[in-house]
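See below for the structure under consideration.
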Amino acid sequence: MAVAERSGARRPSSRSIVVVLLLVVMLIADGGVEVPRAEGLSIGINYGQIADNLPSPSRVSWLLRSMQVSKVKLYDADPHVLSAFLDTDVEFVVGIGNENVSAMVDPAAAQAWIQRHVQPYLPSTRITCITVGNEVFKGNDTALKANLLPAMQSVYQALAALGLQGRVNVTTAHSLDIMGTSFPPSAGAFRADVVPYMQPLLGFLSMARSPFLINCYPYFAYKADPGNVPLAYVLFQPNAGVTDTNTKLNYDNMLYAQVDSVYAAIQALGHTDIDVKISETGWPSGGDPDEAGATPEYAGTYIGNLLQRIEMKQGTPLRPSVPIDVYVFALFNENLKPGPASERHYGLFYPDGTPVYNVGLRGYLPPMDYSRGTRSKSSELDKSTYVSLSSDKLRKRIVVDNDFDHCGFTWPARIVEVILMASRSQKWHHTDSEVELTEDWGGYAANARIV
């Protein structure tokens with residue numbers, strides 16, 4: 001996919017009348033159009049791609065920006081995705097897969113990886129963190145476990161050599177099964193077999209000022225023992241909670257208890273200066289018959305209540321003044337993921353952009369490309385179709401060019417209300433027959449002819 005055009009792209013002519021619709025901030029709720037908060041959502045979203053039916057990255061870029069999502073986590077460094085988000089101010093976590101971790105031990109390989117997958121996109125795409133491996137200690141690959149920290153160190157040193165130290169963090173994401181003890185939270189401790197790896201890894205994170213990433217799924221606890229795990233406790237619903245007998249802190253939900261148990265385990269190894277971030281959490285909307293609780297109702301309740309707490313900037317009982325930092329899993333249902341059926345039902349959205357359940361997260365997914373040969377002549381430059389561009393108090397009636405193809409889709413001729421948030425600089429240039437809006441949302445240019 002080609003990198004998106006920059007500001008100052010082609011000017012309009014009598015034949016080509018172009019409107020680049022950037023930031024069509026359409027949160028369609030209750031049949032209306034709602035402009036989202038300018039500051040964006042505080043939550044991050046995992047963008048996995050183990051599927052054969054997902055929309056193109058450029059269309060996904062529109063979807064996420066229309067939702068005002070400001071943080072995205074990848075499991076690789078897909079160049080198509082990173083290109084689609086050039087100059088959008090969306091913050092990215094990119095990943096080095098487990099299959100490539102051992103190769104990263106070689107400093108030259110680590111530097112080459114960054115030069116190919118990270119450096120070309122900076123600063124236009126905001127890559128702020130690299131995860132080296134994912135849930136490495138969940139498996140039995142002893143070589144992978146031994147190579148994890150040296151690989152992280154090589155990547156960190158390569159960033160420094162390229163002048164990127166301090167701009168891009170280096171860390172890894174862990175499964176909660178690294179914990180030997182997780183309750184009460186204050187007694188949290190890593191598994192004995194993990195400690196020899198974890199001790200020096202924590203030293204690295206402390207030195208590099210990088211976060212500790214943990215994948216937390218209260219759903220797994222409920223699925224394993226639905227008769228004894230209170231549903232309200234895992235879904236953030238009103239309940240009496242559980243009190244830590246050591247600290248006397250009360251926990252009204254399992255997720256916060258899991259996070260604080262990780263903090264306790266880190267502190268037990270001598271570190272109090274490492275932030276814990278939730279790199280994955282979610283709830284499946286479907287599953288196999290033996291997967292208790294995998295329903296749209298429970299998934300919507302879990303995500304909806306979690307979103308409310310995040311927007312309240314709530315911290316855990318152990319660290320109430322530190323808002324939890326969460327990446328929800330996942331953006332889409334991924335139909336090729338292996339394992340039980342629930343693994344293919346964690347998405348907030350279906351591939352066509354419609355929500356799997358209603359938690360107030362609604363965005364705009366542009367239409368797919370269609371062949372120029374399928375359009376009728378009457379649809380070309382139909383002057384009854386227009387777009388209304390609002391810029392402060394200035395509004396111009398303009399014609400949409402049906403032949404304009406940008407960001408992986410062609411905008412069809414129809415009436416659309418485009419609201420350009422007046423939070424950044426805008427310049428209008430006039431000629432006798434044309435008006436050109438040049439704006440810097442994402443570095444695109446919006447060009448239009450007066451009708």
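We label chains A, B, ... in the order they appear in the structure tokens, count residues from 1 in each chain, and number ligands from 1 in the order shown.
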
| message | Please return, as a list of chain:residue names, all residues of range 276-356 of chain A that DSSP assigns to alpha helix (DSSP H) on the basis of the backbone. | response | A:Pro296, A:Glu297, A:Tyr298, A:Ala299, A:Gly300, A:Thr301, A:Tyr302, A:Ile303, A:Gly304, A:Asn305, A:Leu306, A:Leu307, A:Gln308, A:Arg309, A:Ile310, A:Glu311

| Interatomic distance, CA of Ala221 in chain A to CA of Gly95 in chain A (Å, one decimal) | 27.1 Å

| query | For Val136 in chain A, which residue among A:Asn215, A:Ser124, A:Gln153, A:Ser182 is the nearest when counting only C-alpha atoms? | reply | A:Asn215

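Taking CA of Leu54 in chain A as the reference point, CA of Val81 in chain A is found at 12.5 Å.
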
| said: Restricting the calculation to only C-alpha atoms: of A:Ala109, A:Ala292, A:Val328, A:Leu269, which residue gets closest to Pro196 in chain A? | reply: A:Leu269

| strand (DSSP E) per DSSP on the backbone: members of range 6-248 of chain A, as a ChimeraX atom specification | /A:27-29,32-34,41-46,69-73,91-96,126-134,169-175,179-181,189-190,212-215,242-243

Same residues, C-alpha atoms, output as a PDB file, in the first residue's frame:
ATOM      1  CA  LEU A  27     -19.808   8.055  16.433  1.00  0.00           C
ATOM      2  CA  ILE A  28     -23.217   6.900  15.327  1.00  0.00           C
ATOM      3  CA  ALA A  29     -25.282   6.515  18.466  1.00  0.00           C
ATOM      4  CA  GLY A  32     -27.481  10.521  15.277  1.00  0.00           C
ATOM      5  CA  VAL A  33     -23.985  11.782  14.649  1.00  0.00           C
ATOM      6  CA  GLU A  34     -21.949  12.520  17.738  1.00  0.00           C
ATOM      7  CA  LEU A  41     -10.330   7.523  24.475  1.00  0.00           C
ATOM      8  CA  SER A  42      -7.941   6.626  27.266  1.00  0.00           C
ATOM      9  CA  ILE A  43      -8.090   2.954  26.373  1.00  0.00           C
ATOM     10  CA  GLY A  44      -5.811   1.149  23.946  1.00  0.00           C
ATOM     11  CA  ILE A  45      -6.854  -1.592  21.530  1.00  0.00           C
ATOM     12  CA  ASN A  46      -5.023  -4.694  20.329  1.00  0.00           C
ATOM     13  CA  VAL A  69      -8.758   5.745  19.774  1.00  0.00           C
ATOM     14  CA  SER A  70      -5.307   7.083  20.633  1.00  0.00           C
ATOM     15  CA  LYS A  71      -3.371   3.877  21.389  1.00  0.00           C
ATOM     16  CA  VAL A  72      -2.966   0.717  19.300  1.00  0.00           C
ATOM     17  CA  LYS A  73      -0.939  -2.416  19.989  1.00  0.00           C
ATOM     18  CA  GLU A  91       0.435   5.881  19.553  1.00  0.00           C
ATOM     19  CA  PHE A  92       1.718   2.428  18.577  1.00  0.00           C
ATOM     20  CA  VAL A  93       3.206  -0.553  20.347  1.00  0.00           C
ATOM     21  CA  VAL A  94       4.864  -2.836  17.786  1.00  0.00           C
ATOM     22  CA  GLY A  95       6.042  -6.379  18.383  1.00  0.00           C
ATOM     23  CA  ILE A  96       8.828  -8.805  17.595  1.00  0.00           C
ATOM     24  CA  ARG A 126       4.147   7.455  16.757  1.00  0.00           C
ATOM     25  CA  ILE A 127       5.887   4.207  17.678  1.00  0.00           C
ATOM     26  CA  THR A 128       6.521   4.430  21.413  1.00  0.00           C
ATOM     27  CA  CYS A 129       7.201   0.843  22.464  1.00  0.00           C
ATOM     28  CA  ILE A 130       8.580  -2.443  21.131  1.00  0.00           C
ATOM     29  CA  THR A 131       7.534  -5.718  22.730  1.00  0.00           C
ATOM     30  CA  VAL A 132      10.145  -8.425  22.328  1.00  0.00           C
ATOM     31  CA  GLY A 133       8.203 -11.682  22.435  1.00  0.00           C
ATOM     32  CA  ASN A 134       4.773 -12.429  23.851  1.00  0.00           C
ATOM     33  CA  ASN A 169      10.575   1.739  25.109  1.00  0.00           C
ATOM     34  CA  VAL A 170      11.558  -1.930  25.069  1.00  0.00           C
ATOM     35  CA  THR A 171       9.658  -4.534  27.060  1.00  0.00           C
ATOM     36  CA  THR A 172       7.857  -7.886  26.740  1.00  0.00           C
ATOM     37  CA  ALA A 173       4.326  -9.062  27.524  1.00  0.00           C
ATOM     38  CA  HIS A 174       3.601 -11.811  30.043  1.00  0.00           C
ATOM     39  CA  SER A 175       0.752 -14.205  30.634  1.00  0.00           C
ATOM     40  CA  MET A 179       2.330 -16.065  38.900  1.00  0.00           C
ATOM     41  CA  GLY A 180       2.801 -18.778  41.476  1.00  0.00           C
ATOM     42  CA  THR A 181       0.595 -16.969  44.000  1.00  0.00           C
ATOM     43  CA  ALA A 189       4.724 -14.011  43.840  1.00  0.00           C
ATOM     44  CA  PHE A 190       6.192 -15.264  40.584  1.00  0.00           C
ATOM     45  CA  PHE A 212       5.922  -4.403  32.879  1.00  0.00           C
ATOM     46  CA  LEU A 213       3.203  -5.726  30.560  1.00  0.00           C
ATOM     47  CA  ILE A 214       0.734  -8.321  31.770  1.00  0.00           C
ATOM     48  CA  ASN A 215      -2.124 -10.058  29.926  1.00  0.00           C
ATOM     49  CA  VAL A 242     -12.897  -9.396  48.609  1.00  0.00           C
ATOM     50  CA  THR A 243     -10.668  -7.974  51.330  1.00  0.00           C
TER      51      THR A 243
END

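Distance annotation: of A:Arg59, A:Lys248, A:Arg309, A:His117, the residue with the minimal separation from Asp76 in chain A is A:His117; atom set is only C-alpha atoms.
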
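Between CA of Pro57 in chain A and CA of Ala341 in chain A the separation is 25.1 Å.
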
| request: Please identify all polymer residues within 7 Å of range 299-301 of chain A, counting only C-alpha atoms, omitting same-chain residues fewer than 3 positions from it, and present them as a PyMOL selection string. | output: chain A and resi 235+283-285+295-296+304-305+357-359

| message | Please list as a PyMOL selection string every residue within 12 Å of Asp290 in chain A, counting only C-alpha atoms and excluding residues in the same chain fewer than 3 positions away. | response | chain A and resi 223-226+286-287+293-294+340-342

Export of the given selection (C-alpha atoms) as an mmCIF file, in the first residue's frame:
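Saved to part.cif:
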data_model
loop_
_atom_site.group_PDB
_atom_site.id
_atom_site.type_symbol
_atom_site.label_atom_id
_atom_site.label_comp_id
_atom_site.auth_asym_id
_atom_site.auth_seq_id
_atom_site.Cartn_x
_atom_site.Cartn_y
_atom_site.Cartn_z
ATOM 1 C CA LYS A 223 -14.583 -20.257 32.793
ATOM 2 C CA ALA A 224 -12.528 -22.658 34.906
ATOM 3 C CA ASP A 225 -14.841 -22.508 37.939
ATOM 4 C CA PRO A 226 -18.140 -20.740 37.201
ATOM 5 C CA GLY A 286 -19.012 -16.637 21.840
ATOM 6 C CA GLY A 287 -17.443 -20.001 22.518
ATOM 7 C CA GLY A 293 -19.936 -17.164 30.146
ATOM 8 C CA ALA A 294 -18.829 -16.635 26.548
ATOM 9 C CA PRO A 340 -11.386 -23.133 21.336
ATOM 10 C CA ALA A 341 -14.156 -21.145 19.684
ATOM 11 C CA SER A 342 -13.814 -18.331 22.222
#

Quick one: residues within 10 Å of Asn246 in chain A, only C-alpha atoms, excluding same-chain residues fewer than 3 positions away - as a compact mmCIF listing (two decimals) with C-alpha atoms, in the first residue's frame?
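That gives us result06.txt:
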# COMPACT_ATOMS: atom_id res chain seq x y z
CA PRO A 184 -4.41 -12.33 48.38
CA PRO A 185 -2.91 -9.67 46.10
CA SER A 186 -0.36 -8.59 48.70
CA ALA A 187 1.08 -12.14 48.67
CA THR A 243 -10.67 -7.97 51.33
CA LEU A 249 -7.69 -3.27 51.00

| message | For range 141-145 of chain A, find every residue with an atom within 10 Å (counting only C-alpha atoms), except residues of its own chain fewer than 6 positions away, and show them as a PyMOL selection string. | response | chain A and resi 98-102+133+135+151+194+197

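Near Leu122 in chain A, within 12 Å and counting only C-alpha atoms, sit Leu82, Ser83, Phe85, Leu86, Asp87, Asp89, Glu91, Phe92, Ile114, Gln115, Arg116, His117, Val118, Arg126, Ile127, Thr128, Leu162, Gly163, Leu164, Arg167 and Val168 of chain A, not including residues fewer than 4 positions from it in the same chain.
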
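Among A:Ala161, A:Leu231, A:Leu148, A:Leu361, the residue with the shortest atom-to-atom distance to Ala103 in chain A, counting only C-alpha atoms, is A:Leu148.
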
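Checking A:Tyr217, A:Tyr256, A:Phe236, A:Tyr327 one by one against Ile278 in chain A, counting only C-alpha atoms, you find the shortest gap at A:Tyr327.
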